[in-house]
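As stored in input_11.cif (mmCIF, C-alpha atoms and all ligand atoms):
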data_input
loop_
_atom_site.label_atom_id
_atom_site.label_comp_id
_atom_site.auth_asym_id
_atom_site.auth_seq_id
_atom_site.Cartn_x
_atom_site.Cartn_y
_atom_site.Cartn_z
CA MET A 1 -1.92 -15.90 2.09
CA LEU A 2 -4.47 -13.08 1.57
CA GLU A 3 -7.86 -14.21 0.37
CA LEU A 4 -10.96 -12.06 -0.12
CA ARG A 5 -14.20 -13.75 -1.08
CA ASP A 6 -17.34 -12.00 -2.28
CA VAL A 7 -16.58 -8.85 -0.30
CA GLN A 8 -19.35 -6.25 -0.30
CA VAL A 9 -19.13 -2.73 1.08
CA ILE A 10 -22.21 -0.54 0.98
CA PHE A 11 -22.19 3.18 1.86
CA ASP A 12 -25.73 4.57 2.16
CA GLY A 13 -27.02 2.15 -0.44
CA PHE A 14 -24.02 2.68 -2.77
CA ARG A 15 -22.00 -0.46 -3.49
CA ALA A 16 -18.37 0.63 -3.16
CA LEU A 17 -17.26 -3.02 -3.33
CA ASP A 18 -19.60 -5.40 -5.07
CA GLY A 19 -18.48 -8.99 -4.68
CA VAL A 20 -14.69 -8.73 -4.76
CA ASP A 21 -12.67 -11.94 -4.93
CA LEU A 22 -8.93 -11.47 -4.58
CA THR A 23 -6.15 -13.92 -3.81
CA VAL A 24 -2.61 -12.70 -3.25
CA PRO A 25 -0.09 -15.47 -2.57
CA GLU A 26 2.72 -15.02 -0.06
CA GLY A 27 5.70 -13.09 -1.43
CA GLU A 28 3.85 -11.53 -4.34
CA LEU A 29 4.16 -7.90 -5.43
CA ARG A 30 0.63 -7.17 -6.61
CA PHE A 31 -0.46 -3.93 -8.24
CA LEU A 32 -4.00 -2.63 -7.90
CA ILE A 33 -5.30 -0.13 -10.45
CA GLY A 34 -8.65 1.26 -11.51
CA PRO A 35 -10.29 4.57 -12.33
CA ASN A 36 -11.18 7.09 -9.62
CA GLY A 37 -13.88 5.71 -7.36
CA ALA A 38 -13.24 2.08 -8.42
CA GLY A 39 -12.93 1.00 -4.80
CA LYS A 40 -9.16 0.64 -4.37
CA THR A 41 -8.89 2.56 -1.11
CA THR A 42 -12.06 0.89 0.19
CA LEU A 43 -10.46 -2.49 -0.50
CA ILE A 44 -7.41 -1.54 1.56
CA ASP A 45 -9.69 -0.17 4.29
CA VAL A 46 -11.48 -3.52 4.45
CA ILE A 47 -8.25 -5.50 4.72
CA THR A 48 -6.93 -3.23 7.49
CA GLY A 49 -10.17 -3.20 9.49
CA LEU A 50 -11.02 0.46 8.95
CA THR A 51 -14.19 -0.48 7.07
CA ARG A 52 -16.29 -3.49 7.89
CA PRO A 53 -17.74 -5.28 4.87
CA ALA A 54 -21.48 -5.89 4.73
CA ALA A 55 -20.74 -9.41 3.51
CA GLY A 56 -17.88 -11.64 2.45
CA SER A 57 -14.70 -12.91 4.03
CA VAL A 58 -11.16 -11.60 4.34
CA ARG A 59 -8.67 -14.25 5.35
CA PHE A 60 -5.02 -13.60 6.07
CA GLY A 61 -2.66 -16.44 6.89
CA GLY A 62 -5.68 -18.61 7.61
CA ALA A 63 -7.34 -16.18 10.07
CA ASP A 64 -10.52 -14.24 9.37
CA LEU A 65 -9.94 -10.47 9.60
CA VAL A 66 -13.56 -9.34 9.41
CA GLY A 67 -14.74 -7.86 12.69
CA ARG A 68 -11.23 -7.41 14.12
CA LYS A 69 -10.02 -4.02 15.30
CA GLU A 70 -7.41 -2.13 13.28
CA HIS A 71 -4.67 -2.48 15.92
CA GLU A 72 -5.33 -6.20 16.13
CA ILE A 73 -4.86 -6.53 12.36
CA VAL A 74 -1.61 -4.53 12.61
CA ARG A 75 -0.46 -6.97 15.29
CA MET A 76 -1.28 -9.86 12.97
CA GLY A 77 1.24 -8.47 10.51
CA VAL A 78 -0.68 -6.16 8.18
CA GLY A 79 0.77 -2.66 7.66
CA ARG A 80 -0.37 0.18 5.43
CA THR A 81 0.65 3.63 4.32
CA PHE A 82 -1.89 6.42 3.99
CA GLN A 83 -2.04 9.13 1.33
CA THR A 84 -1.37 11.65 4.10
CA SER A 85 2.04 11.57 5.75
CA VAL A 86 2.59 10.12 9.20
CA VAL A 87 6.20 11.32 9.53
CA PHE A 88 7.10 13.55 12.51
CA GLU A 89 9.18 16.34 10.98
CA ALA A 90 10.79 17.47 14.23
CA LEU A 91 12.15 13.99 14.92
CA THR A 92 15.15 12.46 13.19
CA VAL A 93 14.84 9.67 10.65
CA ILE A 94 15.90 7.07 13.19
CA GLU A 95 13.58 8.44 15.86
CA ASN A 96 10.67 8.16 13.43
CA LEU A 97 11.62 4.56 12.70
CA ASP A 98 12.06 3.82 16.39
CA LEU A 99 8.72 5.36 17.20
CA ALA A 100 7.04 3.28 14.51
CA ALA A 101 8.74 0.12 15.79
CA THR A 102 7.76 0.75 19.39
CA PHE A 103 4.54 2.65 18.91
CA ARG A 104 2.80 0.88 21.73
CA LYS A 105 5.64 1.57 24.17
CA PRO A 106 5.96 4.71 26.30
CA LEU A 107 7.46 7.91 24.91
CA TRP A 108 10.67 7.64 26.94
CA SER A 109 11.77 4.93 24.52
CA LEU A 110 12.43 7.80 22.09
CA THR A 111 15.36 8.95 24.19
CA ARG A 112 17.24 5.74 23.49
CA ARG A 113 20.55 6.19 21.72
CA ARG A 114 21.30 5.03 18.22
CA ASP A 115 23.26 2.03 19.48
CA GLY A 116 20.20 1.07 21.46
CA VAL A 117 17.82 0.82 18.54
CA SER A 118 16.26 -2.47 17.70
CA GLU A 119 17.30 -4.80 14.95
CA ALA A 120 14.03 -4.05 13.18
CA VAL A 121 14.95 -0.35 13.04
CA GLU A 122 18.47 -1.06 11.77
CA GLU A 123 17.05 -3.33 9.09
CA ALA A 124 14.45 -0.78 8.01
CA LEU A 125 17.17 1.87 7.80
CA ALA A 126 19.39 -0.36 5.65
CA ARG A 127 16.55 -1.56 3.43
CA THR A 128 15.42 1.95 2.58
CA GLY A 129 18.99 3.22 2.12
CA LEU A 130 18.50 6.00 4.65
CA GLU A 131 21.53 5.18 6.88
CA GLU A 132 23.39 8.37 5.99
CA LEU A 133 20.34 10.42 6.91
CA ALA A 134 19.62 8.58 10.16
CA GLU A 135 20.40 11.53 12.43
CA ARG A 136 18.89 14.22 10.21
CA SER A 137 15.54 15.64 11.04
CA ALA A 138 12.76 14.21 8.88
CA GLY A 139 11.69 17.75 8.00
CA VAL A 140 14.71 18.19 5.70
CA LEU A 141 14.09 15.05 3.62
CA SER A 142 13.20 15.27 -0.06
CA HIS A 143 9.75 14.05 -1.07
CA GLY A 144 11.17 10.72 -2.21
CA GLN A 145 13.25 10.20 0.94
CA ARG A 146 10.19 10.93 3.02
CA GLN A 147 8.20 8.27 1.16
CA TRP A 148 11.03 5.78 1.76
CA LEU A 149 11.00 6.72 5.44
CA GLU A 150 7.27 5.93 5.55
CA ILE A 151 7.94 2.55 3.97
CA GLY A 152 10.78 2.07 6.47
CA MET A 153 8.39 2.92 9.32
CA LEU A 154 6.12 0.15 8.12
CA LEU A 155 9.01 -2.31 7.81
CA ALA A 156 10.14 -1.46 11.34
CA GLN A 157 6.83 -2.88 12.54
CA ARG A 158 7.80 -6.16 10.87
CA PRO A 159 4.62 -6.74 8.88
CA LYS A 160 4.07 -9.76 6.68
CA LEU A 161 1.76 -7.89 4.33
CA LEU A 162 2.34 -4.27 3.25
CA LEU A 163 -0.37 -2.17 1.61
CA LEU A 164 1.03 0.91 -0.11
CA ASP A 165 -1.13 3.68 -1.50
CA GLU A 166 0.51 5.43 -4.48
CA PRO A 167 4.08 5.29 -3.19
CA VAL A 168 5.65 7.01 -6.24
CA ALA A 169 3.20 9.91 -6.55
CA GLY A 170 5.15 13.15 -6.95
CA MET A 171 8.54 11.41 -7.22
CA SER A 172 11.31 12.20 -9.70
CA LYS A 173 12.28 9.61 -12.32
CA ASP A 174 15.30 8.44 -10.31
CA GLU A 175 13.26 8.23 -7.13
CA ARG A 176 10.64 6.13 -8.93
CA GLU A 177 13.31 3.77 -10.18
CA ARG A 178 14.77 3.40 -6.70
CA THR A 179 11.28 2.83 -5.27
CA GLY A 180 10.55 0.13 -7.86
CA GLU A 181 13.75 -1.66 -6.83
CA LEU A 182 12.88 -1.21 -3.17
CA LEU A 183 9.40 -2.72 -3.62
CA THR A 184 10.85 -5.68 -5.50
CA GLU A 185 13.39 -6.23 -2.72
CA ILE A 186 10.72 -5.97 -0.04
CA ALA A 187 8.62 -8.56 -1.87
CA ASP A 188 11.50 -11.05 -1.43
CA ASP A 189 10.31 -11.63 2.10
CA HIS A 190 6.93 -9.87 2.33
CA THR A 191 3.66 -9.82 0.45
CA VAL A 192 3.11 -6.37 -1.03
CA ILE A 193 0.00 -4.76 -2.52
CA VAL A 194 0.53 -1.42 -4.24
CA VAL A 195 -2.17 0.97 -5.45
CA GLU A 196 -0.54 2.80 -8.33
CA HIS A 197 -1.65 4.73 -11.38
CA ASP A 198 1.62 5.35 -13.16
CA MET A 199 1.63 3.10 -16.22
CA ASP A 200 5.35 3.46 -16.96
CA PHE A 201 6.07 2.43 -13.41
CA LEU A 202 3.79 -0.59 -13.76
CA ARG A 203 5.45 -1.65 -17.01
CA ARG A 204 8.86 -1.55 -15.35
CA HIS A 205 8.05 -3.10 -12.00
CA ALA A 206 4.72 -4.94 -11.99
CA SER A 207 4.24 -8.64 -12.60
CA VAL A 208 0.60 -9.19 -11.67
CA VAL A 209 -1.99 -6.43 -11.90
CA THR A 210 -5.58 -6.46 -10.64
CA VAL A 211 -7.95 -3.95 -12.23
CA LEU A 212 -10.90 -2.78 -10.16
CA HIS A 213 -13.91 -1.07 -11.69
CA GLU A 214 -17.14 -0.07 -10.00
CA GLY A 215 -16.37 -2.19 -6.98
CA LYS A 216 -15.61 -5.36 -8.94
CA VAL A 217 -12.47 -7.06 -10.17
CA LEU A 218 -12.55 -6.42 -13.91
CA VAL A 219 -9.38 -8.20 -15.03
CA GLU A 220 -6.28 -9.72 -13.53
CA GLY A 221 -3.05 -10.52 -15.35
CA SER A 222 0.32 -9.25 -16.51
CA VAL A 223 0.69 -5.57 -17.42
CA ASP A 224 0.61 -6.48 -21.12
CA GLU A 225 -2.48 -8.66 -20.76
CA VAL A 226 -4.31 -6.07 -18.73
CA SER A 227 -3.48 -3.10 -20.96
CA ALA A 228 -4.46 -5.04 -24.10
CA ASP A 229 -7.80 -6.09 -22.64
CA PRO A 230 -10.71 -4.35 -24.40
CA ARG A 231 -12.75 -4.19 -21.16
CA VAL A 232 -9.94 -2.28 -19.49
CA GLN A 233 -9.56 0.05 -22.45
CA GLU A 234 -13.27 0.74 -22.37
CA VAL A 235 -13.17 1.62 -18.67
CA TYR A 236 -10.43 4.13 -19.37
CA LEU A 237 -12.10 5.40 -22.54
CA GLY A 238 -11.43 9.00 -23.35
CA ARG A 239 -7.78 8.76 -22.42
CA ARG A 240 -4.98 8.66 -24.93
CA ALA A 241 -4.49 5.16 -26.32
CA GLY A 242 -0.96 4.87 -24.92
CA ASP A 243 -2.25 5.77 -21.49
CA ALA A 244 -5.17 3.39 -21.71
CA VAL A 245 -4.54 2.02 -18.25
CA GLY A 246 -4.02 3.72 -15.02
CA ASN A 247 -2.85 7.26 -15.71
CA ARG A 248 -4.83 9.94 -13.98
CA PRO A 249 -5.99 12.94 -15.96
N1 LIG B 301 -17.05 6.68 3.76
C1 LIG B 301 -17.69 6.73 2.60
N2 LIG B 301 -19.00 7.08 2.52
C2 LIG B 301 -19.64 7.12 1.35
N3 LIG B 301 -19.07 6.80 0.17
C3 LIG B 301 -17.78 6.45 0.18
C4 LIG B 301 -17.01 6.40 1.38
N4 LIG B 301 -15.74 6.00 1.07
C5 LIG B 301 -15.72 5.83 -0.27
N5 LIG B 301 -16.93 6.10 -0.80
C6 LIG B 301 -17.29 5.98 -2.22
O1 LIG B 301 -16.96 4.68 -2.65
C7 LIG B 301 -16.42 4.71 -3.95
C8 LIG B 301 -15.06 4.04 -3.95
O2 LIG B 301 -14.14 4.91 -3.30
P1 LIG B 301 -12.59 4.58 -3.15
O3 LIG B 301 -11.99 5.73 -2.40
O4 LIG B 301 -12.41 3.23 -2.60
O5 LIG B 301 -12.11 4.62 -4.67
P2 LIG B 301 -10.64 4.59 -5.23
O6 LIG B 301 -10.60 3.54 -6.28
O7 LIG B 301 -9.66 4.50 -4.12
O8 LIG B 301 -10.57 6.02 -5.92
P3 LIG B 301 -9.37 7.07 -6.03
O9 LIG B 301 -8.51 6.59 -7.14
O10 LIG B 301 -10.10 8.32 -6.38
O11 LIG B 301 -8.67 7.14 -4.71
C9 LIG B 301 -16.39 6.16 -4.39
O12 LIG B 301 -17.52 6.40 -5.20
C10 LIG B 301 -16.46 6.92 -3.09
O13 LIG B 301 -17.12 8.15 -3.28
#
Spit out the file's structure as structure tokens when you get a sec.
Amino acid sequence: MLELRDVQVIFDGFRALDGVDLTVPEGELRFLIGPNGAGKTTLIDVITGLTRPAAGSVRFGGADLVGRKEHEIVRMGVGRTFQTSVVFEALTVIENLDLAATFRKPLWSLTRRRDGVSEAVEEALARTGLEELAERSAGVLSHGQRQWLEIGMLLAQRPKLLLLDEPVAGMSKDERERTGELLTEIADDHTVIVVEHDMDFLRRHASVVTVLHEGKVLVEGSVDEVSADPRVQEVYLGRRAGDAVGNRP
């Protein structure tokens, strides 16, 4: 479903991605890890059209994404979260979802009543478990609830592929657990790629992990395979043995 071949990204002579091959089949929950500067965000930027690769191909559902505009790629069914929040605090949870679902429509659509919201919004609300908070302003949400709202805002756009950048950063243990379940549920009918550093979280929720290092795919496999791999341990050298993979300092 998503296929990157020999992708190169060069910033002022520096190879941020240096021949990346990546295949993510439909319906997979794939985790992407790697030390700081490995190229994880750049990889997501290439898939979403924010950064154009110097060479290589990015195919999604059979279509080539290279050279397409970001909004075009969104329309083709690719959604992403950013590290910075896109939630409007003064709007309610449901208004945020509605805005995300109708973001190309005029602002007056915001004045629609709850019973007028689209099926996509209702589904996103149910999926993320935010029904009870639907009419609350987003500004009062806990950190975890806000992250779920952001995921809901993506779902409301009905993407086929979701790219999530560190969705559990700063979350409590319970919130992480709930997020892991949510990601697994979402992967029932979407393809999901998650950039995540938390090794405990990976052990609990990841099946396939891709490790990036210096702009290349270093290893791909199960969490156990990846964390036992000497090349991966070497990349993370200097960290405690138990944290060999993925934990930030
Ligand atoms: N616009 C840019 N111009 C120049 N260099 C860049 C640019 N964007 C990223 N880089 C460099 O490319 C490399 C890869 O960056 P990237 O942000 O993709 O890494 P990352 O794996 O996401 O790291 P982190 O875990 O710190 O977010 C880094 O060395 C970064 O400094």
**Message:** As a quick test: using all atoms listed in the file, which residues lie no more than 7 Å away from ligand LIG 301 (chain B)? Give them as a list of chain:residue names.
**Reply:**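 Residues lying within 7 Å of ligand LIG 301 (chain B): A:Phe11, A:Asp12, A:Ala16, A:Gly34, A:Pro35, A:Asn36, A:Gly37, A:Ala38, A:Gly39, A:Lys40, A:Thr41, A:Thr42, A:Leu43.
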Resulting file, chosen residues, C-alpha atoms, as a PDB file, keeping the file's coordinate frame:
ATOM      1  CA  PHE A  11     -22.190   3.180   1.860  1.00  0.00           C
ATOM      2  CA  ASP A  12     -25.730   4.570   2.160  1.00  0.00           C
ATOM      3  CA  ALA A  16     -18.370   0.630  -3.160  1.00  0.00           C
ATOM      4  CA  GLY A  34      -8.650   1.260 -11.510  1.00  0.00           C
ATOM      5  CA  PRO A  35     -10.290   4.570 -12.330  1.00  0.00           C
ATOM      6  CA  ASN A  36     -11.180   7.090  -9.620  1.00  0.00           C
ATOM      7  CA  GLY A  37     -13.880   5.710  -7.360  1.00  0.00           C
ATOM      8  CA  ALA A  38     -13.240   2.080  -8.420  1.00  0.00           C
ATOM      9  CA  GLY A  39     -12.930   1.000  -4.800  1.00  0.00           C
ATOM     10  CA  LYS A  40      -9.160   0.640  -4.370  1.00  0.00           C
ATOM     11  CA  THR A  41      -8.890   2.560  -1.110  1.00  0.00           C
ATOM     12  CA  THR A  42     -12.060   0.890   0.190  1.00  0.00           C
ATOM     13  CA  LEU A  43     -10.460  -2.490  -0.500  1.00  0.00           C
TER      14      LEU A  43
END
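For Pro25 (chain A), the list of residues within 10 Å, based on all atoms listed in the file and with local chain neighbours fewer than 6 positions off taken out, reads Met1, Leu2, Glu3, Gly61, Thr191 and Val192 of chain A.
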Please dump the current selection as a PDB file, in the coordinates of the input; keep C-alpha atoms.
ATOM      1  CA  MET A   1      -1.920 -15.900   2.090  1.00  0.00           C
ATOM      2  CA  LEU A   2      -4.470 -13.080   1.570  1.00  0.00           C
ATOM      3  CA  GLU A   3      -7.860 -14.210   0.370  1.00  0.00           C
ATOM      4  CA  GLY A  61      -2.660 -16.440   6.890  1.00  0.00           C
ATOM      5  CA  THR A 191       3.660  -9.820   0.450  1.00  0.00           C
ATOM      6  CA  VAL A 192       3.110  -6.370  -1.030  1.00  0.00           C
TER       7      VAL A 192
END
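Comparing A:Asp188, A:Asp165, A:Glu220, A:Glu70 by their smallest distance to Leu50 (chain A), the closest is A:Glu70 (using all atoms listed in the file).
Atom pair CA of Asp21 (chain A) / CA of Asp200 (chain A): separated by 26.6 Å.
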**Prompt:** Between A:Leu141, A:Leu183, A:Val93, A:Val226, which has the minimum distance to Val211 (chain A) (counting only C-alpha atoms)?
**Reply:**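 Smallest separation from Val211 (chain A) among the options: A:Val226.
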**Option closest in space to Glu122 (chain A), from A:Ser227, A:Gln157, A:Ser207, A:Gln8 [counting all atoms listed in the file]** =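 Closest candidate: A:Gln157.
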